[in-house]
Every structure is written in C-alpha cells, then in structure tokens.
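Trainee: Hey, dropping my_file_38.cif in here, mmCIF, C-alpha atoms:
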data_input
#
loop_
_atom_site.label_atom_id
_atom_site.label_comp_id
_atom_site.auth_asym_id
_atom_site.auth_seq_id
_atom_site.Cartn_x
_atom_site.Cartn_y
_atom_site.Cartn_z
CA MET A 255 154.44 102.13 19.22
CA LEU A 256 151.57 103.56 21.21
CA ILE A 257 149.66 104.77 18.17
CA THR A 258 149.83 101.28 16.62
CA GLU A 259 148.27 99.85 19.77
CA ALA A 260 145.59 102.54 19.74
CA LEU A 261 144.84 101.51 16.16
CA ARG A 262 144.69 97.85 17.19
CA ILE A 263 142.06 98.70 19.80
CA LEU A 264 140.07 100.93 17.44
CA ALA A 265 140.17 98.27 14.69
CA CYS A 266 138.75 95.68 17.12
CA LEU A 267 136.13 98.20 18.27
CA CYS A 268 135.12 99.19 14.73
CA ALA A 269 134.84 95.56 13.63
CA GLY A 270 132.68 94.92 16.72
CA GLU A 271 130.47 97.95 16.10
CA ILE A 272 129.96 96.97 12.45
CA LEU A 273 129.06 93.36 13.25
CA SER A 274 126.73 94.59 16.00
CA GLY A 275 125.28 97.37 13.83
CA VAL A 276 124.32 95.14 10.91
CA GLY A 277 122.67 92.79 13.39
CA PHE A 278 125.06 89.94 12.59
CA LEU A 279 125.67 89.39 16.31
CA PRO A 280 123.17 90.37 19.04
CA PHE A 281 125.91 91.76 21.35
CA PRO A 282 127.08 95.34 21.82
CA GLY A 283 130.01 96.41 19.64
CA PRO A 284 132.55 96.95 22.46
CA VAL A 285 131.97 93.42 23.83
CA ILE A 286 132.55 91.91 20.36
CA GLY A 287 135.64 94.16 20.11
CA LEU A 288 136.87 92.73 23.43
CA VAL A 289 136.60 89.19 21.99
CA PHE A 290 138.51 90.32 18.86
CA LEU A 291 141.33 91.83 20.94
CA LEU A 292 141.45 88.68 23.07
CA THR A 293 141.71 86.52 19.92
CA ASN A 294 144.37 88.85 18.56
CA LEU A 295 146.41 88.56 21.79
CA ALA A 296 146.04 84.76 21.73
CA LEU A 297 147.50 84.74 18.20
CA ILE A 298 150.42 86.99 19.21
CA GLY A 299 150.93 84.95 22.38
CA GLU A 300 151.74 87.96 24.59
CA VAL A 301 150.58 91.48 25.44
CA PRO A 302 152.72 94.06 23.54
CA GLN A 303 154.31 96.32 26.14
CA PRO A 304 152.77 99.64 24.99
CA LEU A 305 149.32 97.97 24.90
CA GLY A 306 149.78 96.65 28.43
CA ARG A 307 150.73 100.09 29.69
CA LEU A 308 147.83 101.71 27.83
CA ALA A 309 145.36 99.20 29.31
CA ASP A 310 146.67 99.74 32.85
CA ASN A 311 146.42 103.52 32.51
CA VAL A 312 142.95 103.59 30.97
CA LEU A 313 141.45 100.94 33.26
CA ALA A 314 142.80 102.82 36.29
CA VAL A 315 140.28 105.59 35.52
CA LEU A 316 137.50 103.33 34.22
CA GLY A 317 135.17 104.76 36.90
CA MET A 318 135.51 108.25 35.41
CA LEU A 319 134.00 107.18 32.10
CA PHE A 320 130.59 106.57 33.73
CA VAL A 321 130.40 110.05 35.26
CA PRO A 322 128.61 111.96 32.45
CA THR A 323 125.93 109.24 32.22
CA GLY A 324 125.49 109.38 36.00
CA VAL A 325 124.92 113.14 35.97
CA GLY A 326 121.80 112.22 33.94
CA LEU A 327 120.06 111.73 37.29
CA LEU A 328 119.34 115.46 37.03
CA ALA A 329 116.76 114.64 34.36
CA TYR A 330 114.98 112.26 36.75
CA THR A 331 114.99 114.11 40.08
CA HIS A 332 111.19 114.14 40.11
CA LEU A 333 110.79 110.40 39.46
CA LEU A 334 113.63 109.53 41.83
CA ARG A 335 111.82 111.49 44.54
CA THR A 336 108.30 110.07 43.97
CA GLU A 337 109.55 106.48 43.64
CA PHE A 338 112.51 106.81 45.99
CA VAL A 339 111.66 103.83 48.22
CA PRO A 340 111.12 101.14 45.55
CA ILE A 341 114.07 102.33 43.46
CA ALA A 342 116.49 102.65 46.39
CA ALA A 343 115.38 99.27 47.82
CA ALA A 344 115.62 97.50 44.46
CA ILE A 345 119.10 98.89 43.86
CA VAL A 346 120.63 98.56 47.34
CA VAL A 347 118.96 95.31 48.49
CA GLY A 348 118.98 93.79 44.99
CA THR A 349 122.68 94.51 44.48
CA LEU A 350 123.58 93.27 47.95
CA VAL A 351 121.63 90.01 47.46
CA THR A 352 123.27 89.50 44.05
CA ILE A 353 126.75 90.03 45.49
CA VAL A 354 126.08 87.65 48.40
CA VAL A 355 124.59 84.90 46.19
CA THR A 356 127.35 85.18 43.57
CA ALA A 357 130.23 85.38 46.05
CA LEU A 358 128.97 82.40 48.09
CA THR A 359 128.37 80.34 44.94
CA SER A 360 131.89 80.92 43.65
CA LYS A 361 133.36 80.30 47.10
CA ARG A 362 131.53 76.94 47.40
CA LEU A 363 132.54 75.91 43.88
CA ALA A 364 136.16 76.92 44.53
CA GLU A 365 136.26 74.88 47.75
CA PHE A 366 134.68 71.92 45.95
CA GLU A 367 137.31 72.08 43.18
CA ALA A 368 140.14 72.40 45.67
CA LYS A 369 138.85 69.34 47.57
CA LYS A 370 138.54 67.37 44.35
CA ARG A 371 142.06 68.34 43.31
CA ALA A 372 143.40 67.34 46.72
CA ALA A 373 141.58 63.99 46.41
CA THR A 374 143.02 63.20 42.97
CA GLU A 375 146.46 64.26 44.15
CA GLY A 376 146.01 61.99 47.18
CA GLU A 377 145.08 59.12 44.89
CA ALA A 378 148.13 59.80 42.77
CA THR A 379 150.37 59.66 45.86
CA ASP A 380 148.62 56.46 47.00
CA ALA A 381 149.18 54.92 43.59
CA ALA A 382 152.80 55.99 43.67
CA ALA A 383 153.17 54.50 47.13
CA MET B 211 131.91 141.69 33.18
CA LEU B 212 131.24 138.13 34.27
CA PRO B 213 129.30 136.11 31.73
CA LEU B 214 126.19 135.69 33.86
CA ASP B 215 123.82 136.19 30.95
CA PRO B 216 122.38 132.75 30.14
CA HIS B 217 123.05 133.24 26.44
CA VAL B 218 126.73 133.65 27.12
CA TRP B 219 126.77 130.44 29.18
CA HIS B 220 125.00 128.72 26.36
CA LYS B 221 127.72 129.72 23.91
CA ILE B 222 130.47 128.65 26.30
CA GLU B 223 129.23 125.17 27.22
CA LEU B 224 129.03 123.94 23.64
CA VAL B 225 132.84 123.56 23.54
CA PRO B 226 133.84 119.97 24.36
CA ALA B 227 136.85 121.20 26.36
CA ILE B 228 134.52 122.56 29.07
CA GLY B 229 132.52 119.38 29.60
CA VAL B 230 135.53 117.08 29.38
CA GLY B 231 137.63 119.41 31.54
CA ALA B 232 134.91 119.66 34.18
CA THR B 233 134.49 115.87 34.23
CA VAL B 234 138.20 115.14 34.58
CA GLY B 235 138.50 117.95 37.13
CA ALA B 236 135.63 116.61 39.22
CA TYR B 237 137.10 113.10 39.08
CA VAL B 238 140.54 114.32 40.20
CA ILE B 239 138.93 116.18 43.12
CA ALA B 240 136.96 113.01 43.94
CA LEU B 241 140.17 110.92 43.93
CA ARG B 242 141.84 113.46 46.24
CA LEU B 243 138.85 113.34 48.59
CA GLN B 244 139.00 109.54 48.63
CA ARG B 245 142.69 109.61 49.53
CA TRP B 246 142.07 112.32 52.10
CA SER B 247 139.32 110.19 53.70
CA GLY B 248 141.79 107.32 54.02
CA GLY B 249 140.18 105.29 51.23
CA SER B 250 136.69 105.32 52.75
CA ALA B 251 134.22 103.20 50.75
CA ILE B 252 131.50 105.86 50.59
CA PHE B 253 133.97 108.29 48.99
CA ASN B 254 133.63 106.34 45.75
CA PRO B 255 135.23 108.62 43.13
CA THR B 256 132.50 107.99 40.52
CA LEU B 257 129.79 108.89 43.05
CA ILE B 258 131.54 112.03 44.32
CA ALA B 259 132.35 113.25 40.80
CA ILE B 260 128.72 112.78 39.72
CA LEU B 261 127.45 114.72 42.76
CA LEU B 262 129.96 117.55 42.19
CA LEU B 263 129.03 117.87 38.52
CA ALA B 264 125.28 117.54 39.11
CA PHE B 265 125.59 120.40 41.59
CA ALA B 266 127.69 122.48 39.18
CA VAL B 267 125.32 121.91 36.25
CA LYS B 268 122.30 122.75 38.41
CA VAL B 269 123.85 125.92 39.87
CA SER B 270 125.10 127.21 36.52
CA GLY B 271 121.60 126.82 35.08
CA LEU B 272 122.81 124.62 32.23
CA ASP B 273 120.83 121.76 30.77
CA TYR B 274 121.96 118.21 31.50
CA ALA B 275 121.77 117.51 27.75
CA ASP B 276 124.22 120.36 27.03
CA TYR B 277 126.72 119.03 29.57
CA ALA B 278 126.32 115.46 28.27
CA ARG B 279 126.99 116.60 24.70
CA SER B 280 129.99 118.64 25.80
CA ALA B 281 131.44 115.68 27.76
CA GLY B 282 130.57 113.20 25.00
CA VAL B 283 134.19 112.15 24.45
CA VAL B 284 134.40 110.80 28.01
CA THR B 285 131.34 108.63 27.45
CA PHE B 286 132.71 107.52 24.08
CA ALA B 287 135.99 106.46 25.73
CA LEU B 288 134.01 103.76 27.54
CA ALA B 289 133.82 101.74 24.31
CA PRO B 290 137.60 101.34 23.74
CA ALA B 291 138.02 100.89 27.52
CA VAL B 292 135.72 97.84 27.41
CA VAL B 293 137.82 96.45 24.53
CA LEU B 294 140.93 96.98 26.71
CA LEU B 295 139.47 94.66 29.37
CA ALA B 296 140.81 91.93 27.05
CA VAL B 297 144.30 92.70 28.43
CA PRO B 298 143.72 91.66 32.08
CA LEU B 299 141.60 88.74 30.81
CA PHE B 300 144.48 87.55 28.61
CA ARG B 301 147.04 87.96 31.41
CA GLN B 302 144.84 85.82 33.70
CA ARG B 303 143.90 83.28 30.99
CA ARG B 304 145.34 80.22 32.76
CA LEU B 305 143.51 80.91 36.01
CA ILE B 306 140.31 81.65 34.06
CA ARG B 307 140.60 78.37 32.14
CA ASP B 308 141.09 76.48 35.41
CA SER B 309 138.09 78.25 36.95
CA ALA B 310 135.58 77.57 34.17
CA ARG B 311 133.15 75.74 36.45
CA ILE B 312 133.26 78.48 39.10
CA ILE B 313 132.59 81.13 36.46
CA VAL B 314 129.67 79.29 34.84
CA GLY B 315 128.10 78.43 38.22
CA SER B 316 128.38 81.99 39.58
CA LEU B 317 126.83 83.41 36.42
CA ALA B 318 124.03 80.82 36.37
CA LEU B 319 122.94 81.94 39.87
CA GLY B 320 124.11 85.56 39.86
CA LEU B 321 122.42 86.66 36.63
CA PRO B 322 118.84 85.62 37.55
CA THR B 323 119.35 86.86 41.13
CA GLY B 324 120.31 90.30 39.84
CA VAL B 325 117.31 90.61 37.53
CA LEU B 326 114.67 88.96 39.72
CA SER B 327 115.67 90.70 42.97
CA ALA B 328 115.38 94.11 41.29
CA ILE B 329 112.06 93.35 39.61
CA GLY B 330 110.65 91.60 42.69
CA ILE B 331 111.53 94.32 45.20
CA ALA B 332 110.31 97.15 42.94
CA TRP B 333 107.07 95.26 42.23
CA LEU B 334 106.42 94.52 45.92
CA LEU B 335 106.89 98.21 46.73
CA HIS B 336 104.42 99.23 44.00
CA ALA B 337 106.83 100.87 41.59
CA ASP B 338 105.48 102.03 38.26
CA ARG B 339 105.56 99.45 35.42
CA VAL B 340 108.05 101.50 33.37
CA THR B 341 110.29 101.89 36.43
CA ILE B 342 110.27 98.12 37.02
CA LEU B 343 111.14 97.39 33.39
CA SER B 344 113.85 100.08 33.48
CA LEU B 345 115.33 98.42 36.60
CA ALA B 346 115.43 94.90 35.12
CA PRO B 347 118.79 95.22 33.27
CA LYS B 348 120.38 97.33 36.06
CA SER B 349 123.31 94.94 36.67
CA THR B 350 124.55 95.03 33.07
CA THR B 351 126.90 97.70 31.79
CA ALA B 352 125.34 100.96 30.52
CA GLY B 353 125.58 100.31 26.77
CA ILE B 354 123.98 96.87 27.06
CA ALA B 355 121.34 97.92 29.60
CA ILE B 356 120.07 100.76 27.41
CA GLY B 357 119.53 98.37 24.50
CA ILE B 358 117.69 95.85 26.69
CA SER B 359 115.53 98.55 28.31
CA GLU B 360 114.46 99.75 24.86
CA LYS B 361 113.49 96.23 23.82
CA ILE B 362 111.42 95.36 26.90
CA GLY B 363 109.56 98.67 27.19
CA GLY B 364 111.56 100.51 29.84
CA ALA B 365 112.85 104.09 29.64
CA PRO B 366 116.44 103.80 28.29
CA SER B 367 117.76 107.08 29.74
CA LEU B 368 116.28 106.22 33.16
CA THR B 369 117.92 102.79 32.91
CA ALA B 370 121.28 104.48 32.28
CA VAL B 371 120.96 106.39 35.57
CA LEU B 372 119.80 103.29 37.49
CA VAL B 373 122.73 101.32 36.04
CA ILE B 374 125.20 103.90 37.34
CA MET B 375 123.56 103.86 40.79
CA THR B 376 123.77 100.05 40.83
CA GLY B 377 127.44 100.17 39.84
CA ILE B 378 128.28 102.63 42.60
CA THR B 379 126.31 100.60 45.16
CA GLY B 380 128.17 97.42 44.22
CA ALA B 381 131.54 99.18 44.23
CA VAL B 382 130.85 100.57 47.72
CA ILE B 383 129.31 97.49 49.41
CA GLY B 384 131.03 94.70 47.42
CA PRO B 385 134.36 94.65 49.27
CA ILE B 386 132.61 95.09 52.65
CA ALA B 387 129.98 92.38 52.03
CA THR B 388 132.48 89.80 50.75
CA ARG B 389 134.77 90.46 53.72
CA GLN B 390 131.83 89.97 56.12
CA LEU B 391 130.98 86.69 54.37
CA GLY B 392 134.57 85.51 54.76
CA VAL B 393 135.06 85.36 50.98
CA SER B 394 138.69 86.24 50.27
CA ASP B 395 139.29 84.38 46.98
CA PRO B 396 139.85 87.26 44.50
CA ARG B 397 138.06 85.22 41.81
CA ALA B 398 134.87 85.11 43.91
CA VAL B 399 135.10 88.79 44.90
CA GLY B 400 135.69 89.80 41.27
CA LEU B 401 132.88 87.67 39.84
CA ALA B 402 130.41 88.95 42.44
CA MET B 403 131.29 92.60 41.79
CA GLY B 404 131.35 92.25 38.00
CA ILE B 405 128.07 90.31 37.79
CA ALA B 406 126.21 92.54 40.28
CA SER B 407 127.66 95.92 39.40
CA HIS B 408 129.24 95.80 35.91
CA GLY B 409 131.97 98.31 34.94
CA ILE B 410 131.96 100.44 38.08
CA GLY B 411 132.24 97.27 40.19
CA THR B 412 135.02 96.16 37.84
CA ALA B 413 136.81 99.49 38.25
CA ARG B 414 136.73 98.93 42.04
CA ALA B 415 137.80 95.28 41.71
CA LEU B 416 140.81 96.35 39.58
CA GLN B 417 141.96 98.38 42.61
CA ILE B 418 141.96 95.19 44.76
CA ASN B 419 144.23 93.23 42.41
CA GLU B 420 144.48 92.10 38.80
CA THR B 421 142.87 88.72 39.44
CA ALA B 422 139.78 90.31 41.00
CA GLY B 423 139.73 92.86 38.17
CA ALA B 424 139.99 90.23 35.42
CA PHE B 425 137.24 88.07 36.94
CA ALA B 426 135.06 91.16 37.41
CA GLY B 427 135.57 92.11 33.76
CA LEU B 428 134.72 88.55 32.75
CA GLY B 429 131.63 88.46 34.98
CA MET B 430 130.52 91.82 33.59
CA SER B 431 130.95 90.75 29.95
CA LEU B 432 129.27 87.35 30.32
CA ASN B 433 126.46 88.81 32.42
CA GLY B 434 125.92 91.54 29.81
CA ILE B 435 125.89 89.12 26.88
CA PHE B 436 123.55 86.59 28.47
CA THR B 437 121.19 89.18 29.97
CA ALA B 438 120.94 90.78 26.51
CA ILE B 439 119.97 87.40 25.04
CA LEU B 440 117.73 86.09 27.82
CA LEU B 441 115.90 89.11 29.26
CA PRO B 442 114.01 90.18 26.10
CA VAL B 443 112.93 86.54 25.59
CA ALA B 444 111.79 86.23 29.22
CA ALA B 445 109.98 89.58 29.05
CA ASN B 446 108.06 88.34 26.01
CA LEU B 447 106.70 85.40 27.99
CA PHE B 448 104.94 87.66 30.49
#
Could you spell out this file's structure in structure tokens?

Mentor:
Amino acid sequence: MLITEALRILACLCAGEILSGVGFLPFPGPVIGLVFLLTNLALIGEVPQPLGRLADNVLAVLGMLFVPTGVGLLAYTHLLRTEFVPIAAAIVVGTLVTIVVTALTSKRLAEFEAKKRAATEGEATDAAA
Amino acid sequence: MLPLDPHVWHKIELVPAIGVGATVGAYVIALRLQRWSGGSAIFNPTLIAILLLAFAVKVSGLDYADYARSAGVVTFALAPAVVLLAVPLFRQRRLIRDSARIIVGSLALGLPTGVLSAIGIAWLLHADRVTILSLAPKSTTAGIAIGISEKIGGAPSLTAVLVIMTGITGAVIGPIATRQLGVSDPRAVGLAMGIASHGIGTARALQINETAGAFAGLGMSLNGIFTAILLPVAANLF
C-alpha cells in the first residue's frame, strides 16, 4: 500500500533526523535516512512496487523542491550585484572545472578497470588453451 | 475591488496553498517552456521557475520570507526525496559495487576540486571573506551546505542561494561538457554531475538514465558527507 511505503520513508527520515539532531552522527538527517532505507531494502531483497513508483514520481520533480530556496536570491540582489564577477566566476568556472576533473577521472578509472578485466579474461582463456 | 491594499496581500499570502500552488504552477510552466524550446539546456526548469517566482514576488510587493514560509512544504519535501534516492541506488547496487574504485577515485579528486576552485577563484577576484566562506560548500546539497557554512563562518542563507546557482550551472553545462570531453559512460557523467552540482545535477542526471541518476545521487551523498566532515576541520587549520 502506498501509505505504508510513505510511512517507511518517514520512519527512515525521522530516525535519521533524531540521530543527527542528538549529535550521534555528524551527517544531515535525510542522508542518514537514505542509508536506513537502503539497509531496509537490502533486508527485503527487492523494491516494493508502490515504493518504486513513488520514488520514480517524486524524483522526476526533484528539481522543483529547490525552487523556494532559489527564490531567496531576492534577499541578496545587492550583494550579488556588487560581487557579481567573483561569485559568477567561482560558480561557473569552479563548477565546470569540477565536472571536467571528475568526469575525466572516472573515465580513466573505468578504462583502466576494463583493460584489467580484459587482461584477466585473456589470461583465463590462455590458461584454458 | 481588487485586493491591491498591501494589508490584504499580507493576509492572503500566509496560506500555504498560495506559496505551494505558485511554486508548482511556476514549475509546470517551466517544464512546458523546456519542452517548447525542444529541451534546450538553458531552459532548466528549476532556473526558469525561480526567475518566474522571483519576478512575481517582487512585483506583488511581498517579502521573500513570506513566500518561503508559505511554500515551506515544498522545501520540506526535499528531505523525504533525498531518502528516496535509496531506491535508484538499490536498483543499481551491482554496478555500484563493481565500480567502487571509480567512485572513490572520482570523489577523492572531485571533492577538493569543487571546494578549492570556488575558494581560489573568489579569492583571486577579491571577494569578501564572508562571500568566500559562503561559497566553499557550494557543491554540496542545500541542507548540508547550510550547516557547513554556519560552522566555518559563512552566511548560511547566502550559501543556500549559491548552492542553488551551482546546481543549476552543473545541470545546464554538465551534459554539454561531458559530451565535449567524449565521456559517455553514464557512471562518469552521473558522478561528475552529482559531485559538482548535488541534487539539481542529480535531477538532471535522472533524466539521462537511471544509471547516471543513481551515480549522481551517490556522488551527491558521499560528497555531502565527506565535505561536512572535512571542510570544518580544514577551515580550522587556516
């Protein structure tokens, strides 16, 4: 049932918020809740269908949930104007550099792993031969 | 008579239905515009919805704080949505397990690049100290970034805005930049977008495919956790 799945999510979230709130774990509540739900799914061994559908529907509009926070730029129009150049450069160039470095690192590592796998597979065929 | 008297507006906006309705409405318009533009990258729905609402709030003479309170449920929904990222992660668990080295390596380089590039560029261009500190956690998701900003002496509400701008930037340029670099592995695209531009980058990566979305969610979570641990410690050293 959908409401049961909603409760499952809220239970994970509440547990996360409590552990985060009492300072037991230095991570934000939702991230701890994510780990709880992941553990829960590992124990069940599969994603219950209503939960899967709920996740797909909510995550499809994930971008909407940041909108009210983004409108907060209204409170900083003055600062954003006076420090436009450093802020814009730090965000645009910084984000671009981060994407390039991260994407190239994972690409290299993926190629390296693929080569290694091919080598061990080759060895296995040699041994078999 | 139209309720043009500011007191009347003030009474109206306090109802959550108005703020939530306006937010969902603006997002639906933004999605339509994106489809109408043929899926153009700059028509990022989060960006367009923010601009539409900022304009509406400004024109109506309301306070940002009143709108934010009225639309509070939307912001709250972010918390259970982050928990729900466990679902794509679980579905992709085998691929994630097989990619452990790729994930760790990307994070080990991506996390410091994100923090240092922001601090370095802002410092070189003579940004104010508080602005630099507020920019430092910009690649982590809003909830985490606000906490870090508080700890290291930034302005938390400014950080929130910078985080959203970073997310939109990554969502817009991520797919273009990775294509230009010849990176087509969805794991690499997802990790780059999640580590550089958190939840908004993840939202965009989920549109590419589930693998990119799951790796973006993973990159976002790990980046958030480790930045929250490492950045306050590093800030203390200086």

Trainee: Once the PyMOL selection byres ((chain A) within 7 of (chain B)) is applied to the coordinates I shared, what remains selected? I want it as a PDB file with C-alpha atoms, keeping the file's coordinate frame.

Mentor:
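The resulting expr_17.pdb:
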ATOM      1  CA  ILE A 263     142.060  98.700  19.800  1.00  0.00           C
ATOM      2  CA  LEU A 264     140.070 100.930  17.440  1.00  0.00           C
ATOM      3  CA  LEU A 267     136.130  98.200  18.270  1.00  0.00           C
ATOM      4  CA  PHE A 281     125.910  91.760  21.350  1.00  0.00           C
ATOM      5  CA  PRO A 282     127.080  95.340  21.820  1.00  0.00           C
ATOM      6  CA  PRO A 284     132.550  96.950  22.460  1.00  0.00           C
ATOM      7  CA  VAL A 285     131.970  93.420  23.830  1.00  0.00           C
ATOM      8  CA  GLY A 287     135.640  94.160  20.110  1.00  0.00           C
ATOM      9  CA  LEU A 288     136.870  92.730  23.430  1.00  0.00           C
ATOM     10  CA  LEU A 291     141.330  91.830  20.940  1.00  0.00           C
ATOM     11  CA  LEU A 292     141.450  88.680  23.070  1.00  0.00           C
ATOM     12  CA  GLY A 306     149.780  96.650  28.430  1.00  0.00           C
ATOM     13  CA  ALA A 309     145.360  99.200  29.310  1.00  0.00           C
ATOM     14  CA  VAL A 312     142.950 103.590  30.970  1.00  0.00           C
ATOM     15  CA  LEU A 313     141.450 100.940  33.260  1.00  0.00           C
ATOM     16  CA  LEU A 316     137.500 103.330  34.220  1.00  0.00           C
ATOM     17  CA  GLY A 317     135.170 104.760  36.900  1.00  0.00           C
ATOM     18  CA  MET A 318     135.510 108.250  35.410  1.00  0.00           C
ATOM     19  CA  LEU A 319     134.000 107.180  32.100  1.00  0.00           C
ATOM     20  CA  PHE A 320     130.590 106.570  33.730  1.00  0.00           C
ATOM     21  CA  VAL A 321     130.400 110.050  35.260  1.00  0.00           C
ATOM     22  CA  PRO A 322     128.610 111.960  32.450  1.00  0.00           C
ATOM     23  CA  THR A 323     125.930 109.240  32.220  1.00  0.00           C
ATOM     24  CA  GLY A 324     125.490 109.380  36.000  1.00  0.00           C
ATOM     25  CA  VAL A 325     124.920 113.140  35.970  1.00  0.00           C
ATOM     26  CA  GLY A 326     121.800 112.220  33.940  1.00  0.00           C
ATOM     27  CA  LEU A 327     120.060 111.730  37.290  1.00  0.00           C
ATOM     28  CA  LEU A 328     119.340 115.460  37.030  1.00  0.00           C
ATOM     29  CA  ALA A 329     116.760 114.640  34.360  1.00  0.00           C
ATOM     30  CA  GLU A 337     109.550 106.480  43.640  1.00  0.00           C
ATOM     31  CA  PRO A 340     111.120 101.140  45.550  1.00  0.00           C
ATOM     32  CA  ILE A 341     114.070 102.330  43.460  1.00  0.00           C
ATOM     33  CA  ALA A 343     115.380  99.270  47.820  1.00  0.00           C
ATOM     34  CA  ALA A 344     115.620  97.500  44.460  1.00  0.00           C
ATOM     35  CA  ILE A 345     119.100  98.890  43.860  1.00  0.00           C
ATOM     36  CA  VAL A 346     120.630  98.560  47.340  1.00  0.00           C
ATOM     37  CA  GLY A 348     118.980  93.790  44.990  1.00  0.00           C
ATOM     38  CA  THR A 349     122.680  94.510  44.480  1.00  0.00           C
ATOM     39  CA  THR A 352     123.270  89.500  44.050  1.00  0.00           C
ATOM     40  CA  ILE A 353     126.750  90.030  45.490  1.00  0.00           C
ATOM     41  CA  VAL A 355     124.590  84.900  46.190  1.00  0.00           C
ATOM     42  CA  THR A 356     127.350  85.180  43.570  1.00  0.00           C
ATOM     43  CA  ALA A 357     130.230  85.380  46.050  1.00  0.00           C
ATOM     44  CA  THR A 359     128.370  80.340  44.940  1.00  0.00           C
ATOM     45  CA  SER A 360     131.890  80.920  43.650  1.00  0.00           C
ATOM     46  CA  LYS A 361     133.360  80.300  47.100  1.00  0.00           C
ATOM     47  CA  LEU A 363     132.540  75.910  43.880  1.00  0.00           C
ATOM     48  CA  ALA A 364     136.160  76.920  44.530  1.00  0.00           C
TER      49      ALA A 364
END

Trainee: With all atoms listed in the file as the basis for distance, which of A:Ile286, A:Val347, A:Ala296, A:Ala378 is at the shortest distance from Ala265 (chain A)?

Mentor: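 Of A:Ile286, A:Val347, A:Ala296, A:Ala378, the one nearest Ala265 (chain A), counting all atoms listed in the file, is A:Ile286.
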
Trainee: Could you pull the residues within 7 Å of region 297-305 of chain A, counting only C-alpha atoms, minus those fewer than 3 positions along the same chain, as an NGL selection string?

Mentor: :A and (255-256 or 259 or 293-294 or 308-309)

Trainee: Generate the coordinates of all heavy atoms for region 434-441 of chain B; report them as a CSV table (one decimal), in the frame of the given file.

Mentor:
chain,number,residue,atom,x,y,z
B,434,GLY,N,126.5,90.6,30.8
B,434,GLY,CA,125.9,91.5,29.8
B,434,GLY,C,125.4,90.8,28.6
B,434,GLY,O,124.3,91.0,28.2
B,435,ILE,N,126.2,89.9,28.1
B,435,ILE,CA,125.9,89.1,26.9
B,435,ILE,C,124.7,88.3,27.1
B,435,ILE,O,123.7,88.3,26.4
B,435,ILE,CB,127.1,88.2,26.4
B,435,ILE,CG1,128.2,89.1,25.9
B,435,ILE,CG2,126.6,87.2,25.4
B,435,ILE,CD1,129.5,88.3,25.6
B,436,PHE,N,124.7,87.5,28.2
B,436,PHE,CA,123.6,86.6,28.5
B,436,PHE,C,122.3,87.3,28.9
B,436,PHE,O,121.2,86.9,28.6
B,436,PHE,CB,124.0,85.5,29.5
B,436,PHE,CG,124.8,84.5,28.8
B,436,PHE,CD1,126.2,84.5,29.0
B,436,PHE,CD2,124.3,83.6,27.9
B,436,PHE,CE1,127.0,83.6,28.3
B,436,PHE,CE2,125.1,82.6,27.2
B,436,PHE,CZ,126.5,82.7,27.5
B,437,THR,N,122.4,88.4,29.6
B,437,THR,CA,121.2,89.2,30.0
B,437,THR,C,120.6,89.7,28.7
B,437,THR,O,119.4,89.7,28.5
B,437,THR,CB,121.5,90.3,31.0
B,437,THR,OG1,122.3,89.8,32.0
B,437,THR,CG2,120.2,90.9,31.5
B,438,ALA,N,121.4,90.2,27.8
B,438,ALA,CA,120.9,90.8,26.5
B,438,ALA,C,120.2,89.7,25.7
B,438,ALA,O,119.2,90.0,25.0
B,438,ALA,CB,122.1,91.4,25.7
B,439,ILE,N,120.6,88.5,25.8
B,439,ILE,CA,120.0,87.4,25.0
B,439,ILE,C,118.7,86.9,25.8
B,439,ILE,O,117.6,86.8,25.1
B,439,ILE,CB,120.9,86.2,24.9
B,439,ILE,CG1,122.1,86.6,24.1
B,439,ILE,CG2,120.2,85.0,24.2
B,439,ILE,CD1,123.2,85.5,24.0
B,440,LEU,N,118.8,86.7,27.1
B,440,LEU,CA,117.7,86.1,27.8
B,440,LEU,C,116.6,87.0,28.2
B,440,LEU,O,115.4,86.6,28.2
B,440,LEU,CB,118.3,85.4,29.1
B,440,LEU,CG,119.3,84.3,28.8
B,440,LEU,CD1,119.9,83.8,30.1
B,440,LEU,CD2,118.6,83.1,28.0
B,441,LEU,N,116.9,88.2,28.7
B,441,LEU,CA,115.9,89.1,29.3
B,441,LEU,C,114.8,89.5,28.3
B,441,LEU,O,113.6,89.4,28.6
B,441,LEU,CB,116.5,90.3,29.9
B,441,LEU,CG,115.7,91.2,30.8
B,441,LEU,CD1,114.9,90.4,31.8
B,441,LEU,CD2,116.5,92.3,31.5
